[in-house]
$ cat protein_16.cif   # mmCIF, C-alpha atoms and all ligand atoms
data_input
loop_
_atom_site.label_atom_id
_atom_site.label_comp_id
_atom_site.auth_asym_id
_atom_site.auth_seq_id
_atom_site.Cartn_x
_atom_site.Cartn_y
_atom_site.Cartn_z
CA MET A 25 39.10 -12.77 -0.31
CA GLU A 26 37.41 -14.25 2.70
CA HIS A 27 34.46 -16.49 1.93
CA LEU A 28 31.42 -15.40 3.88
CA THR A 29 28.66 -17.77 4.90
CA ILE A 30 25.66 -17.22 7.15
CA ALA A 31 26.28 -18.87 10.54
CA SER A 32 23.29 -20.95 11.64
CA ASP A 33 22.68 -18.64 14.61
CA ASN A 34 23.02 -15.42 12.63
CA TYR A 35 19.35 -14.42 12.53
CA VAL A 36 20.08 -10.90 11.29
CA ALA A 37 21.88 -12.14 8.17
CA PHE A 38 19.19 -14.78 7.70
CA THR A 39 16.35 -12.25 7.69
CA PHE A 40 18.29 -10.05 5.23
CA PHE A 41 18.64 -13.07 2.96
CA ILE A 42 14.99 -14.13 3.23
CA GLY A 43 13.96 -10.50 2.77
CA THR A 44 15.92 -10.32 -0.49
CA MET A 45 14.29 -13.49 -1.83
CA ALA A 46 10.79 -12.46 -0.77
CA MET A 47 11.08 -9.00 -2.35
CA MET A 48 12.46 -10.49 -5.58
CA ALA A 49 9.71 -13.10 -5.79
CA ALA A 50 7.00 -10.52 -5.08
CA SER A 51 8.40 -8.21 -7.78
CA VAL A 52 8.40 -10.95 -10.40
CA PHE A 53 4.83 -11.81 -9.42
CA PHE A 54 3.51 -8.23 -9.63
CA PHE A 55 5.32 -7.49 -12.90
CA PHE A 56 4.15 -10.67 -14.63
CA GLU A 57 0.58 -10.20 -13.41
CA LEU A 58 0.47 -6.84 -15.20
CA ASN A 59 -0.43 -8.84 -18.32
CA ASN A 60 -3.63 -10.00 -16.63
CA THR A 61 -4.50 -6.64 -15.09
CA SER A 62 -7.12 -4.32 -16.55
CA ALA A 63 -5.99 -0.89 -17.77
CA LYS A 64 -7.81 0.74 -14.84
CA TRP A 65 -5.57 -0.91 -12.22
CA ARG A 66 -2.35 -1.41 -14.17
CA THR A 67 -0.53 1.60 -12.72
CA SER A 68 -1.44 0.58 -9.15
CA VAL A 69 -0.14 -2.98 -9.60
CA LEU A 70 2.97 -1.60 -11.36
CA VAL A 71 3.66 0.61 -8.32
CA SER A 72 3.26 -2.45 -6.05
CA GLY A 73 5.97 -4.11 -8.13
CA LEU A 74 8.20 -1.04 -8.04
CA ILE A 75 7.98 -0.93 -4.24
CA THR A 76 9.10 -4.55 -3.84
CA PHE A 77 11.67 -4.21 -6.64
CA ILE A 78 13.33 -1.16 -5.07
CA ALA A 79 13.34 -3.06 -1.77
CA ALA A 80 14.81 -6.18 -3.45
CA VAL A 81 17.77 -4.18 -4.78
CA HIS A 82 18.34 -2.53 -1.40
CA TYR A 83 17.96 -5.83 0.45
CA TYR A 84 20.49 -7.49 -1.84
CA TYR A 85 22.93 -4.73 -0.99
CA MET A 86 22.08 -4.60 2.73
CA ARG A 87 22.42 -8.40 2.99
CA GLY A 88 25.99 -8.22 1.66
CA TYR A 89 26.86 -5.18 3.77
CA ASN A 90 25.60 -6.80 6.95
CA LEU A 91 27.37 -10.10 6.21
CA GLU A 92 30.69 -8.40 5.50
CA THR A 93 30.73 -5.82 8.27
CA GLY A 94 28.34 -7.29 10.88
CA GLU A 95 26.81 -3.84 11.12
CA SER A 96 23.42 -2.28 10.45
CA PRO A 97 23.06 -0.86 6.92
CA THR A 98 21.15 2.11 8.32
CA PHE A 99 21.91 4.53 5.49
CA PHE A 100 20.62 2.18 2.77
CA ARG A 101 17.66 1.23 4.95
CA TYR A 102 16.58 4.86 4.93
CA VAL A 103 17.32 5.35 1.22
CA ASP A 104 14.97 2.41 0.59
CA TRP A 105 12.25 3.86 2.85
CA ILE A 106 12.56 7.35 1.35
CA LEU A 107 11.78 5.83 -2.05
CA THR A 108 9.21 3.19 -1.12
CA VAL A 109 7.07 4.94 1.53
CA PRO A 110 6.19 7.86 -0.79
CA LEU A 111 5.28 5.21 -3.40
CA MET A 112 2.84 3.76 -0.86
CA CYS A 113 1.36 7.27 -0.61
CA VAL A 114 1.02 7.16 -4.41
CA GLU A 115 -0.98 3.94 -4.00
CA PHE A 116 -3.45 5.70 -1.67
CA TYR A 117 -3.72 8.54 -4.15
CA LEU A 118 -4.24 6.25 -7.16
CA ILE A 119 -7.02 4.20 -5.61
CA THR A 120 -8.93 7.28 -4.38
CA LYS A 121 -8.30 9.29 -7.56
CA LYS A 122 -11.39 7.85 -9.22
CA ALA A 123 -13.43 9.35 -6.37
CA GLY A 124 -11.85 12.77 -6.95
CA ALA A 125 -8.59 12.78 -4.96
CA LYS A 126 -6.55 15.89 -5.76
CA ILE A 127 -2.79 15.99 -6.22
CA ALA A 128 -2.59 18.14 -3.05
CA LEU A 129 -3.60 15.06 -1.04
CA LEU A 130 -0.67 13.14 -2.52
CA TRP A 131 1.77 15.92 -1.58
CA LYS A 132 0.35 16.04 1.95
CA LEU A 133 0.94 12.30 2.39
CA ILE A 134 4.41 12.45 0.84
CA PHE A 135 5.41 15.46 2.94
CA ALA A 136 4.29 13.75 6.16
CA SER A 137 6.14 10.55 5.20
CA LEU A 138 9.35 12.51 4.52
CA VAL A 139 9.09 14.27 7.90
CA MET A 140 8.54 10.88 9.55
CA LEU A 141 11.60 9.33 7.88
CA ILE A 142 14.02 12.27 8.08
CA THR A 143 13.40 12.79 11.80
CA GLY A 144 13.81 9.01 12.28
CA TYR A 145 17.16 9.13 10.48
CA VAL A 146 18.32 12.06 12.59
CA GLY A 147 17.40 10.10 15.74
CA GLU A 148 19.20 6.95 14.58
CA VAL A 149 22.32 8.42 13.00
CA LEU A 150 22.90 12.15 13.40
CA ASP A 151 21.69 12.85 16.93
CA PRO A 152 21.15 9.52 18.74
CA ALA A 153 21.62 11.21 22.12
CA GLN A 154 18.21 12.82 21.49
CA SER A 155 16.64 9.71 19.96
CA VAL A 156 13.49 9.98 22.09
CA LEU A 157 12.78 13.54 20.94
CA TRP A 158 13.30 12.66 17.25
CA GLY A 159 11.23 9.52 17.67
CA VAL A 160 8.35 11.54 19.10
CA LEU A 161 8.51 14.02 16.19
CA SER A 162 8.60 11.14 13.72
CA GLY A 163 5.67 9.54 15.55
CA ALA A 164 3.62 12.73 15.18
CA ALA A 165 4.03 12.63 11.39
CA TYR A 166 3.17 8.93 11.47
CA PHE A 167 -0.07 9.62 13.39
CA TYR A 168 -0.98 12.31 10.89
CA ILE A 169 -0.71 9.77 8.05
CA ALA A 170 -2.73 7.26 10.07
CA TYR A 171 -5.34 9.99 10.70
CA LEU A 172 -5.61 10.80 6.97
CA VAL A 173 -6.15 7.17 5.98
CA TRP A 174 -8.49 6.30 8.88
CA PHE A 175 -10.65 9.41 9.27
CA GLY A 176 -9.35 12.14 6.96
CA GLU A 177 -9.48 12.75 3.23
CA VAL A 178 -8.29 9.29 2.15
CA ALA A 179 -10.98 7.56 4.24
CA LYS A 180 -13.75 9.90 3.01
CA LEU A 181 -12.81 9.57 -0.66
CA ALA A 182 -12.54 5.79 -0.37
CA GLN A 183 -16.11 5.68 0.97
CA SER A 184 -17.44 7.29 -2.19
CA ALA A 185 -15.29 5.17 -4.53
CA GLY A 186 -17.42 2.03 -4.26
CA PRO A 187 -17.49 -0.91 -1.82
CA GLN A 188 -14.38 -2.69 -3.13
CA VAL A 189 -12.14 0.38 -2.92
CA ALA A 190 -13.59 1.20 0.51
CA LYS A 191 -12.84 -2.33 1.73
CA ALA A 192 -9.30 -2.37 0.31
CA THR A 193 -8.56 1.07 1.79
CA LYS A 194 -9.73 -0.16 5.21
CA ILE A 195 -7.28 -3.10 4.99
CA LEU A 196 -4.47 -0.74 3.91
CA ALA A 197 -5.38 1.53 6.84
CA TRP A 198 -4.89 -1.48 9.15
CA PHE A 199 -1.46 -1.99 7.57
CA VAL A 200 -0.60 1.62 8.42
CA LEU A 201 -1.90 1.35 11.98
CA VAL A 202 -0.56 -2.08 12.92
CA GLY A 203 2.09 -2.99 10.31
CA TRP A 204 3.79 0.40 10.35
CA ALA A 205 3.71 0.49 14.17
CA ILE A 206 6.30 -2.32 14.14
CA TYR A 207 8.93 0.23 12.97
CA PRO A 208 8.86 2.45 16.07
CA LEU A 209 9.22 -0.75 18.09
CA GLY A 210 12.47 -1.50 16.20
CA TYR A 211 13.57 2.10 16.77
CA ILE A 212 12.88 1.83 20.51
CA LEU A 213 14.88 -1.43 20.70
CA GLY A 214 17.80 -0.04 18.69
CA THR A 215 18.33 3.58 19.73
CA PRO A 216 20.15 4.68 22.89
CA GLY A 217 17.15 6.60 24.29
CA GLY A 218 15.03 3.44 24.35
CA LEU A 219 11.44 3.93 25.47
CA PHE A 220 11.55 7.39 27.10
CA GLY A 221 14.85 6.51 28.75
CA MET A 222 14.04 2.87 29.49
CA LYS A 223 16.43 0.62 27.55
CA LEU A 224 14.88 -2.65 26.46
CA VAL A 225 18.19 -4.08 25.14
CA ALA A 226 21.20 -3.07 27.22
CA ASN A 227 24.07 -4.06 24.91
CA ALA A 228 24.48 -1.73 21.90
CA ALA A 229 25.45 -4.47 19.42
CA ASP A 230 22.46 -6.62 20.44
CA ALA A 231 20.21 -3.57 20.25
CA HIS A 232 21.15 -3.05 16.61
CA LYS A 233 20.59 -6.72 15.82
CA ALA A 234 17.13 -6.62 17.38
CA MET A 235 16.36 -3.47 15.41
CA ASP A 236 17.42 -5.02 12.09
CA ILE A 237 15.36 -8.16 12.65
CA VAL A 238 12.27 -6.13 13.58
CA TYR A 239 12.69 -3.80 10.58
CA ASN A 240 13.21 -6.75 8.21
CA ILE A 241 10.05 -8.48 9.40
CA ALA A 242 8.09 -5.22 9.17
CA ASP A 243 9.30 -4.58 5.60
CA ALA A 244 8.24 -8.03 4.41
CA ILE A 245 4.77 -7.64 5.94
CA ASN A 246 4.21 -4.09 4.80
CA LYS A 247 5.71 -4.01 1.32
CA ILE A 248 4.49 -7.39 0.10
CA GLY A 249 1.20 -7.33 2.04
CA PHE A 250 0.34 -3.81 0.90
CA GLY A 251 1.02 -4.81 -2.73
CA LEU A 252 -1.12 -7.93 -2.43
CA VAL A 253 -4.10 -5.90 -1.15
CA ILE A 254 -3.83 -3.68 -4.24
CA TYR A 255 -3.45 -6.76 -6.43
CA ALA A 256 -6.55 -8.38 -4.88
CA LEU A 257 -8.52 -5.18 -5.47
CA SER A 258 -7.46 -5.19 -9.13
CA ARG A 259 -8.86 -8.75 -9.45
CA LYS A 260 -12.22 -7.96 -7.82
CA GLU A 261 -12.92 -4.80 -9.73
CA ASP A 262 -12.02 -4.67 -13.38
C1 LIG A 301 8.63 -0.12 3.27
C2 LIG A 301 8.93 0.66 4.37
C3 LIG A 301 8.03 1.19 5.25
C4 LIG A 301 6.56 0.98 5.13
C5 LIG A 301 8.59 1.96 6.31
C6 LIG A 301 7.89 2.57 7.27
C7 LIG A 301 8.55 3.24 8.33
C8 LIG A 301 7.96 3.81 9.41
C9 LIG A 301 6.47 3.82 9.58
C10 LIG A 301 8.83 4.39 10.41
C11 LIG A 301 8.42 5.06 11.49
C12 LIG A 301 9.22 5.62 12.59
C13 LIG A 301 8.50 6.14 13.67
C14 LIG A 301 7.01 6.26 13.64
C15 LIG A 301 9.16 6.64 14.90
C16 LIG A 301 10.59 6.20 15.03
C17 LIG A 301 11.34 6.40 13.75
C18 LIG A 301 10.75 5.59 12.59
C19 LIG A 301 11.32 6.24 11.34
C20 LIG A 301 11.27 4.15 12.71
#
$ encode --input "protein_16.cif" --output "structure tokens"
Amino acid sequence: MEHLTIASDNYVAFTFFIGTMAMMAASVFFFFELNNTSAKWRTSVLVSGLITFIAAVHYYYMRGYNLETGESPTFFRYVDWILTVPLMCVEFYLITKKAGAKIALLWKLIFASLVMLITGYVGEVLDPAQSVLWGVLSGAAYFYIAYLVWFGEVAKLAQSAGPQVAKATKILAWFVLVGWAIYPLGYILGTPGGLFGMKLVANAADAHKAMDIVYNIADAINKIGFGLVIYALSRKED
């Protein structure tokens, strides 16, 4: 069998490798810190750990796939997102539950996140010729989630859940608005439709590389950062 090493200029493989390590380290941290977490916040911190753990397993796989084939592990990327993004919705639900969040709010968030991801997958894999259309549909679901956490039910409930929860929810809302917005940038770089027909990376192979690097950076920021905000909240309020 051929022995595969990461070439020093292979930034895609490098970010898959660093992503694997970062997700593993974050998972160990969240899981071990459960011992020092009050009962009130234990489920939230556990979910933070599950998000990074699921990502660590996928990253380990995607790292190997990318190294062996040189291609984008798009299918496993989306399997990861389909598991972890709804878990981030669970985080919003858990921290606003004390202020009276209903299970219907959780389903609304999960439904919107599934629409966002399924339409994104269709645009990347099943119907790339119409990638702009699918990207716009996905973006609409994304804006709905951003609306819920900035001005809708999540924001309102967080306001009545005490200053610490309100503050943490505002930081998480910034993650959704800025951190999550990195993903459509990767999509625009990597899909044939580009930005409403304008291609930012001409060569298809380079486009996929750019997309993978952007997605890998976004995942590290959003999964680990999101979890750390929840962790910090669990320290301030026990
Ligand atoms: C841990 C993984 C996370 C937080 C993934 C988030 C993914 C998105 C916010 C993806 C959004 C997309 C659009 C808004 C339009 C283009 C297609 C997507 C799926 C890349």
$ residues_near_ligand --input "protein_16.cif" --ligand "ligand LIG 301 (chain A)" --cutoff "6 Å" --atoms "only C-alpha atoms and all ligand atoms" --output "VMD selection string"
chain A and resid 105 108 to 109 140 to 141 144 159 162 to 163 166 204 207 to 208 211 243 246 to 247
$ residues_around --input "protein_16.cif" --residues "A:Val225" --least-positions-apart "3" --cutoff "8 Å" --atoms "all atoms listed in the file" --output "MDAnalysis selection string"
chainID A and resid 213:214 228 230:231
$ residues_near_point --input "protein_16.cif" --point "(15.9, 9.8, 29.4)" --cutoff "10 Å" --atoms "all atoms listed in the file" --output "MDAnalysis selection string"
chainID A and resid 153:157 216:223
$ write_last_selection --input "protein_16.cif" --atoms "C-alpha atoms" --output "PDB file, in the frame of the given file"
ATOM      1  CA  ALA A 153      21.620  11.210  22.120  1.00  0.00           C
ATOM      2  CA  GLN A 154      18.210  12.820  21.490  1.00  0.00           C
ATOM      3  CA  SER A 155      16.640   9.710  19.960  1.00  0.00           C
ATOM      4  CA  VAL A 156      13.490   9.980  22.090  1.00  0.00           C
ATOM      5  CA  LEU A 157      12.780  13.540  20.940  1.00  0.00           C
ATOM      6  CA  PRO A 216      20.150   4.680  22.890  1.00  0.00           C
ATOM      7  CA  GLY A 217      17.150   6.600  24.290  1.00  0.00           C
ATOM      8  CA  GLY A 218      15.030   3.440  24.350  1.00  0.00           C
ATOM      9  CA  LEU A 219      11.440   3.930  25.470  1.00  0.00           C
ATOM     10  CA  PHE A 220      11.550   7.390  27.100  1.00  0.00           C
ATOM     11  CA  GLY A 221      14.850   6.510  28.750  1.00  0.00           C
ATOM     12  CA  MET A 222      14.040   2.870  29.490  1.00  0.00           C
ATOM     13  CA  LYS A 223      16.430   0.620  27.550  1.00  0.00           C
TER      14      LYS A 223
END
$ atom_distance --input "protein_16.cif" --atom1 "atom CA of A:Ile206" --atom2 "atom CA of A:Asp104"
16.8 Å
$ atom_distance --input "protein_16.cif" --atom1 "atom CA of A:Pro110" --atom2 "atom CA of A:Ala197"
15.2 Å
$ closest_residue --input "protein_16.cif" --among "A:Ile134, A:Asp33, A:Thr93, A:Phe38" --to "A:Phe116" --atoms "all atoms listed in the file"
A:Ile134
$ closest_residue --input "protein_16.cif" --among "A:Phe54, A:Trp65, A:Phe250, A:Tyr171" --to "A:Leu111" --atoms "all atoms listed in the file"
A:Phe250
$ residues_around --input "protein_16.cif" --residues "A:Thr76" --least-positions-apart "4" --cutoff "7 Å" --atoms "all atoms listed in the file" --output "number ranges by chain"
A: 47, 50-51, 72, 80, 247-248
